[in-house]
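Structure below is protein_13.tsv: TSV, N, CA and C atoms.
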```tsv
chain	number	residue	atom	x	y	z
A	311	MET	N	142.03	160.67	105.76
A	311	MET	CA	142.20	159.93	106.98
A	311	MET	C	142.15	160.92	108.15
A	312	PRO	N	141.44	160.54	109.24
A	312	PRO	CA	141.38	161.47	110.37
A	312	PRO	C	142.73	161.60	111.05
A	313	ASP	N	142.86	162.66	111.84
A	313	ASP	CA	144.12	162.90	112.54
A	313	ASP	C	144.38	161.80	113.56
A	314	MET	N	145.57	161.24	113.52
A	314	MET	CA	145.98	160.21	114.48
A	314	MET	C	147.31	160.60	115.07
A	315	SER	N	147.51	160.19	116.28
A	315	SER	CA	148.81	160.45	116.89
A	315	SER	C	149.82	159.50	116.26
A	316	ALA	N	151.07	159.77	116.51
A	316	ALA	CA	152.13	158.96	115.91
A	316	ALA	C	152.08	157.52	116.43
A	317	SER	N	151.77	157.34	117.72
A	317	SER	CA	151.75	155.99	118.28
A	317	SER	C	150.55	155.20	117.74
A	318	ALA	N	149.40	155.87	117.55
A	318	ALA	CA	148.23	155.19	117.00
A	318	ALA	C	148.49	154.81	115.55
A	319	SER	N	149.14	155.68	114.83
A	319	SER	CA	149.47	155.39	113.43
A	319	SER	C	150.44	154.21	113.35
A	320	LEU	N	151.42	154.17	114.24
A	320	LEU	CA	152.38	153.08	114.27
A	320	LEU	C	151.70	151.76	114.65
A	321	ALA	N	150.78	151.83	115.60
A	321	ALA	CA	150.05	150.63	116.02
A	321	ALA	C	149.20	150.10	114.87
A	322	MET	N	148.52	150.99	114.17
A	322	MET	CA	147.69	150.56	113.04
A	322	MET	C	148.54	149.94	111.94
A	323	THR	N	149.73	150.48	111.73
A	323	THR	CA	150.63	149.93	110.72
A	323	THR	C	151.03	148.51	111.08
A	324	HIS	N	151.32	148.27	112.35
A	324	HIS	CA	151.70	146.92	112.79
A	324	HIS	C	150.51	145.97	112.69
A	325	LEU	N	149.32	146.43	113.03
A	325	LEU	CA	148.14	145.57	112.96
A	325	LEU	C	147.81	145.21	111.52
A	326	VAL	N	147.94	146.15	110.62
A	326	VAL	CA	147.64	145.89	109.22
A	326	VAL	C	148.64	144.90	108.65
A	327	THR	N	149.91	145.04	108.99
A	327	THR	CA	150.89	144.08	108.48
A	327	THR	C	150.66	142.71	109.09
A	328	PHE	N	150.22	142.64	110.34
A	328	PHE	CA	149.91	141.36	110.97
A	328	PHE	C	148.73	140.71	110.25
A	329	ALA	N	147.74	141.51	109.90
A	329	ALA	CA	146.56	140.98	109.22
A	329	ALA	C	146.93	140.44	107.84
A	330	LYS	N	147.90	141.04	107.20
A	330	LYS	CA	148.32	140.56	105.88
A	330	LYS	C	149.10	139.25	105.99
A	331	GLU	N	149.74	139.01	107.14
A	331	GLU	CA	150.51	137.79	107.32
A	331	GLU	C	149.62	136.57	107.55
A	332	VAL	N	148.39	136.79	108.02
A	332	VAL	CA	147.48	135.70	108.29
A	332	VAL	C	147.01	135.11	106.96
A	333	ASP	N	147.06	133.80	106.85
A	333	ASP	CA	146.62	133.12	105.63
A	333	ASP	C	145.11	133.26	105.50
A	334	GLU	N	144.64	133.80	104.41
A	334	GLU	CA	143.21	134.04	104.21
A	334	GLU	C	142.45	132.74	103.98
A	335	ASP	N	143.13	131.66	103.59
A	335	ASP	CA	142.48	130.38	103.36
A	335	ASP	C	142.36	129.56	104.64
A	336	LYS	N	143.00	130.01	105.68
A	336	LYS	CA	143.00	129.28	106.95
A	336	LYS	C	141.83	129.75	107.81
A	337	VAL	N	141.07	128.80	108.33
A	337	VAL	CA	139.93	129.12	109.19
A	337	VAL	C	140.39	129.04	110.64
A	338	THR	N	140.10	130.07	111.41
A	338	THR	CA	140.44	130.08	112.83
A	338	THR	C	139.16	130.22	113.64
A	339	PRO	N	139.14	129.70	114.89
A	339	PRO	CA	137.92	129.75	115.68
A	339	PRO	C	137.53	131.16	116.12
A	340	GLY	N	138.48	132.00	116.37
A	340	GLY	CA	138.17	133.36	116.78
A	340	GLY	C	137.57	133.46	118.16
A	341	VAL	N	136.98	134.61	118.42
A	341	VAL	CA	136.40	134.91	119.74
A	341	VAL	C	135.17	134.05	120.00
A	342	LEU	N	134.34	133.85	118.99
A	342	LEU	CA	133.13	133.03	119.16
A	342	LEU	C	133.50	131.60	119.55
A	343	GLY	N	134.51	131.05	118.94
A	343	GLY	CA	134.97	129.71	119.28
A	343	GLY	C	135.45	129.63	120.72
A	344	PHE	N	136.17	130.65	121.16
A	344	PHE	CA	136.64	130.68	122.55
A	344	PHE	C	135.46	130.76	123.52
A	345	ILE	N	134.48	131.58	123.20
A	345	ILE	CA	133.31	131.73	124.08
A	345	ILE	C	132.54	130.42	124.19
A	346	VAL	N	132.34	129.74	123.06
A	346	VAL	CA	131.64	128.46	123.07
A	346	VAL	C	132.43	127.43	123.87
A	347	PHE	N	133.74	127.36	123.66
A	347	PHE	CA	134.59	126.43	124.40
A	347	PHE	C	134.55	126.72	125.90
A	348	ALA	N	134.63	127.99	126.28
A	348	ALA	CA	134.59	128.37	127.69
A	348	ALA	C	133.24	128.01	128.31
A	349	ALA	N	132.15	128.22	127.57
A	349	ALA	CA	130.82	127.87	128.08
A	349	ALA	C	130.70	126.36	128.28
A	350	MET	N	131.22	125.60	127.35
A	350	MET	CA	131.18	124.13	127.50
A	350	MET	C	132.04	123.68	128.68
A	351	ALA	N	133.18	124.30	128.87
A	351	ALA	CA	134.04	123.95	130.00
A	351	ALA	C	133.35	124.27	131.32
A	352	LEU	N	132.68	125.40	131.40
A	352	LEU	CA	131.94	125.74	132.62
A	352	LEU	C	130.78	124.77	132.86
A	353	ALA	N	130.11	124.35	131.80
A	353	ALA	CA	129.01	123.39	131.94
A	353	ALA	C	129.52	122.04	132.45
A	354	VAL	N	130.65	121.59	131.93
A	354	VAL	CA	131.23	120.31	132.39
A	354	VAL	C	131.66	120.43	133.85
A	355	TRP	N	132.25	121.56	134.21
A	355	TRP	CA	132.66	121.76	135.60
A	355	TRP	C	131.45	121.72	136.53
A	356	ALA	N	130.36	122.39	136.14
A	356	ALA	CA	129.15	122.41	136.97
A	356	ALA	C	128.54	121.01	137.07
A	357	LEU	N	128.54	120.26	135.98
A	357	LEU	CA	128.01	118.90	136.03
A	357	LEU	C	128.86	118.00	136.92
A	358	MET	N	130.17	118.13	136.85
A	358	MET	CA	131.06	117.32	137.69
A	358	MET	C	130.86	117.66	139.17
A	359	LYS	N	130.69	118.93	139.46
A	359	LYS	CA	130.47	119.36	140.84
A	359	LYS	C	129.14	118.81	141.36
A	360	SER	N	128.11	118.85	140.53
A	360	SER	CA	126.80	118.32	140.91
A	360	SER	C	126.87	116.81	141.10
A	361	MET	N	127.57	116.12	140.19
A	361	MET	CA	127.70	114.67	140.30
A	361	MET	C	128.44	114.30	141.58
A	362	SER	N	129.48	115.03	141.90
A	362	SER	CA	130.24	114.76	143.12
A	362	SER	C	129.35	114.94	144.35
A	363	LYS	N	128.53	115.97	144.34
A	363	LYS	CA	127.61	116.22	145.46
A	363	LYS	C	126.61	115.09	145.60
A	364	HIS	N	126.07	114.61	144.49
A	364	HIS	CA	125.10	113.52	144.55
A	364	HIS	C	125.76	112.19	144.93
A	365	MET	N	126.99	111.97	144.50
A	365	MET	CA	127.67	110.71	144.84
A	365	MET	C	128.01	110.65	146.32
A	366	LYS	N	128.21	111.79	146.96
A	366	LYS	CA	128.48	111.80	148.40
A	366	LYS	C	127.26	111.36	149.20
A	367	LYS	N	126.06	111.51	148.62
A	367	LYS	CA	124.83	111.12	149.31
A	367	LYS	C	124.57	109.62	149.23
A	368	VAL	N	125.23	108.93	148.30
A	368	VAL	CA	124.98	107.50	148.09
A	368	VAL	C	125.66	106.70	149.18
A	369	ASP	N	124.90	105.73	149.74
A	369	ASP	CA	125.44	104.83	150.76
A	369	ASP	C	125.86	103.54	150.06
A	370	PHE	N	127.16	103.26	150.04
A	370	PHE	CA	127.67	102.10	149.33
A	370	PHE	C	127.74	100.84	150.18
A	371	THR	N	127.43	100.91	151.46
A	371	THR	CA	127.50	99.71	152.29
A	371	THR	C	126.31	98.81	152.00
A	372	GLU	N	126.57	97.52	151.83
A	372	GLU	CA	125.52	96.56	151.55
A	372	GLU	C	125.18	95.80	152.82
A	373	PRO	N	123.90	95.53	153.04
A	373	PRO	CA	123.55	94.73	154.21
A	373	PRO	C	124.03	93.29	154.03
A	374	ALA	N	124.30	92.62	155.15
A	374	ALA	CA	124.75	91.24	155.09
A	374	ALA	C	123.63	90.37	154.52
A	375	ASP	N	123.98	89.43	153.65
A	375	ASP	CA	123.01	88.55	153.03
A	375	ASP	C	122.72	87.40	153.99
A	376	GLU	N	121.54	87.41	154.61
A	376	GLU	CA	121.19	86.42	155.62
A	376	GLU	C	120.77	85.09	155.01
A	377	ALA	N	120.27	85.09	153.78
A	377	ALA	CA	119.75	83.87	153.15
A	377	ALA	C	120.82	83.14	152.36
A	378	SER	N	122.06	83.53	152.44
A	378	SER	CA	123.09	82.91	151.60
A	378	SER	C	123.37	81.46	151.99
A	379	GLY	N	123.24	81.09	153.24
A	379	GLY	CA	123.54	79.74	153.68
A	379	GLY	C	122.34	78.82	153.67
A	380	LYS	N	121.16	79.29	153.37
A	380	LYS	CA	119.96	78.48	153.40
A	380	LYS	C	119.74	77.77	152.08
A	381	GLU	N	119.00	76.64	152.12
A	381	GLU	CA	118.68	75.88	150.92
A	381	GLU	C	117.59	76.56	150.11
A	382	THR	N	116.68	77.27	150.76
A	382	THR	CA	115.56	77.91	150.05
A	382	THR	C	115.69	79.41	150.15
A	383	ALA	N	115.21	80.06	149.11
A	383	ALA	CA	115.18	81.52	149.09
A	383	ALA	C	113.74	81.95	149.15
A	384	GLU	N	113.47	83.02	149.85
A	384	GLU	CA	112.11	83.47	149.99
A	384	GLU	C	111.72	84.35	148.81
A	385	SER	N	110.55	84.10	148.23
A	385	SER	CA	110.09	84.87	147.09
A	385	SER	C	109.43	86.16	147.62
A	386	PRO	N	109.16	87.11	146.75
A	386	PRO	CA	108.55	88.37	147.21
A	386	PRO	C	107.17	88.17	147.86
A	387	SER	N	106.48	87.09	147.52
A	387	SER	CA	105.17	86.86	148.12
A	387	SER	C	105.26	86.33	149.54
A	388	GLY	N	106.46	85.95	149.98
A	388	GLY	CA	106.64	85.45	151.33
A	388	GLY	C	106.71	83.95	151.43
A	389	LYS	N	106.44	83.25	150.32
A	389	LYS	CA	106.49	81.80	150.31
A	389	LYS	C	107.88	81.34	149.97
A	390	ALA	N	108.28	80.26	150.58
A	390	ALA	CA	109.61	79.71	150.32
A	390	ALA	C	109.58	78.96	148.98
A	391	SER	N	110.62	79.14	148.21
A	391	SER	CA	110.77	78.40	146.95
A	391	SER	C	112.13	77.74	146.95
A	392	PRO	N	112.27	76.63	146.24
A	392	PRO	CA	113.58	75.94	146.24
A	392	PRO	C	114.66	76.81	145.61
A	393	ALA	N	115.85	76.73	146.16
A	393	ALA	CA	116.97	77.50	145.65
A	393	ALA	C	117.43	76.93	144.31
A	394	LYS	N	117.75	77.80	143.40
A	394	LYS	CA	118.20	77.35	142.08
A	394	LYS	C	119.73	77.23	142.06
A	395	GLY	N	120.20	76.22	141.35
A	395	GLY	CA	121.62	76.12	141.13
A	395	GLY	C	122.25	75.18	142.02
```

Give the structure from this file in structure tokens form.
Amino acid sequence: MPDMSASASLAMTHLVTFAKEVDEDKVTPGVLGFIVFAAMALAVWALMKSMSKHMKKVDFTEPADEASGKETAESPSGKASPAKG
């Protein structure tokens, strides 16, 4: 074993005992799982920010319906047709 200081040797002893305490049959996500989760969280944040920006551009006011009180409704061709209902 290469020369180690007393504190490095003590740290390695604690890390080795910690590693033995971990159940070998238990699967943990590890660093890769954290990176994937963080990337997904950043993607959701960016999508929400973009959606918010686009929703601010939408005009929600509706024009007044002028034909609501009339008996006939005008078709797209410009000819009047009888109102249904």

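Counting from atom CA of A:Val354, the distance to atom CA of A:Thr371 is 28.9 Å.
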
Could you please determine the separation between atom C of A:Ile345 and atom CA of A:Met365 in Å, to one decimal place?
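Distance between the two atoms: 29.0 Å.
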
ask   = What is the atom CA of A:Glu372-atom C of A:Met358 distance in Å, reported with one decimal?
value =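 These atoms are spaced 25.0 Å apart.
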
Complete the atom set of stretch 346-369 of chain A to N, CA, C and O atoms and return it as a compact mmCIF listing (two decimals), in the coordinates of the input.
```
# COMPACT_ATOMS: atom_id res chain seq x y z
N VAL A 346 132.34 129.74 123.06
CA VAL A 346 131.64 128.46 123.07
C VAL A 346 132.43 127.43 123.87
O VAL A 346 131.87 126.69 124.69
N PHE A 347 133.74 127.36 123.66
CA PHE A 347 134.59 126.43 124.40
C PHE A 347 134.55 126.72 125.90
O PHE A 347 134.45 125.81 126.72
N ALA A 348 134.63 127.99 126.28
CA ALA A 348 134.59 128.37 127.69
C ALA A 348 133.24 128.01 128.31
O ALA A 348 133.18 127.53 129.45
N ALA A 349 132.15 128.22 127.57
CA ALA A 349 130.82 127.87 128.08
C ALA A 349 130.70 126.36 128.28
O ALA A 349 130.14 125.90 129.30
N MET A 350 131.22 125.60 127.35
CA MET A 350 131.18 124.13 127.50
C MET A 350 132.04 123.68 128.68
O MET A 350 131.66 122.77 129.41
N ALA A 351 133.18 124.30 128.87
CA ALA A 351 134.04 123.95 130.00
C ALA A 351 133.35 124.27 131.32
O ALA A 351 133.41 123.47 132.27
N LEU A 352 132.68 125.40 131.40
CA LEU A 352 131.94 125.74 132.62
C LEU A 352 130.78 124.77 132.86
O LEU A 352 130.52 124.39 134.01
N ALA A 353 130.11 124.35 131.80
CA ALA A 353 129.01 123.39 131.94
C ALA A 353 129.52 122.04 132.45
O ALA A 353 128.92 121.43 133.34
N VAL A 354 130.65 121.59 131.93
CA VAL A 354 131.23 120.31 132.39
C VAL A 354 131.66 120.43 133.85
O VAL A 354 131.44 119.52 134.65
N TRP A 355 132.25 121.56 134.21
CA TRP A 355 132.66 121.76 135.60
C TRP A 355 131.45 121.72 136.53
O TRP A 355 131.48 121.09 137.59
N ALA A 356 130.36 122.39 136.14
CA ALA A 356 129.15 122.41 136.97
C ALA A 356 128.54 121.01 137.07
O ALA A 356 128.10 120.60 138.16
N LEU A 357 128.54 120.26 135.98
CA LEU A 357 128.01 118.90 136.03
C LEU A 357 128.86 118.00 136.92
O LEU A 357 128.33 117.16 137.67
N MET A 358 130.17 118.13 136.85
CA MET A 358 131.06 117.32 137.69
C MET A 358 130.86 117.66 139.17
O MET A 358 130.86 116.78 140.03
N LYS A 359 130.69 118.93 139.46
CA LYS A 359 130.47 119.36 140.84
C LYS A 359 129.14 118.81 141.36
O LYS A 359 129.06 118.30 142.48
N SER A 360 128.11 118.85 140.53
CA SER A 360 126.80 118.32 140.91
C SER A 360 126.87 116.81 141.10
O SER A 360 126.30 116.26 142.06
N MET A 361 127.57 116.12 140.19
CA MET A 361 127.70 114.67 140.30
C MET A 361 128.44 114.30 141.58
O MET A 361 128.05 113.36 142.28
N SER A 362 129.48 115.03 141.90
CA SER A 362 130.24 114.76 143.12
C SER A 362 129.35 114.94 144.35
O SER A 362 129.40 114.13 145.29
N LYS A 363 128.53 115.97 144.34
CA LYS A 363 127.61 116.22 145.46
C LYS A 363 126.61 115.09 145.60
O LYS A 363 126.33 114.62 146.72
N HIS A 364 126.07 114.61 144.49
CA HIS A 364 125.10 113.52 144.55
C HIS A 364 125.76 112.19 144.93
O HIS A 364 125.14 111.37 145.61
N MET A 365 126.99 111.97 144.50
CA MET A 365 127.67 110.71 144.84
C MET A 365 128.01 110.65 146.32
O MET A 365 128.08 109.56 146.89
N LYS A 366 128.21 111.79 146.96
CA LYS A 366 128.48 111.80 148.40
C LYS A 366 127.26 111.36 149.20
O LYS A 366 127.39 110.86 150.31
N LYS A 367 126.06 111.51 148.62
CA LYS A 367 124.83 111.12 149.31
C LYS A 367 124.57 109.62 149.23
O LYS A 367 123.76 109.10 149.98
N VAL A 368 125.23 108.93 148.30
CA VAL A 368 124.98 107.50 148.09
C VAL A 368 125.66 106.70 149.18
O VAL A 368 126.81 106.92 149.53
N ASP A 369 124.90 105.73 149.74
CA ASP A 369 125.44 104.83 150.76
C ASP A 369 125.86 103.54 150.06
O ASP A 369 125.03 102.80 149.55
```
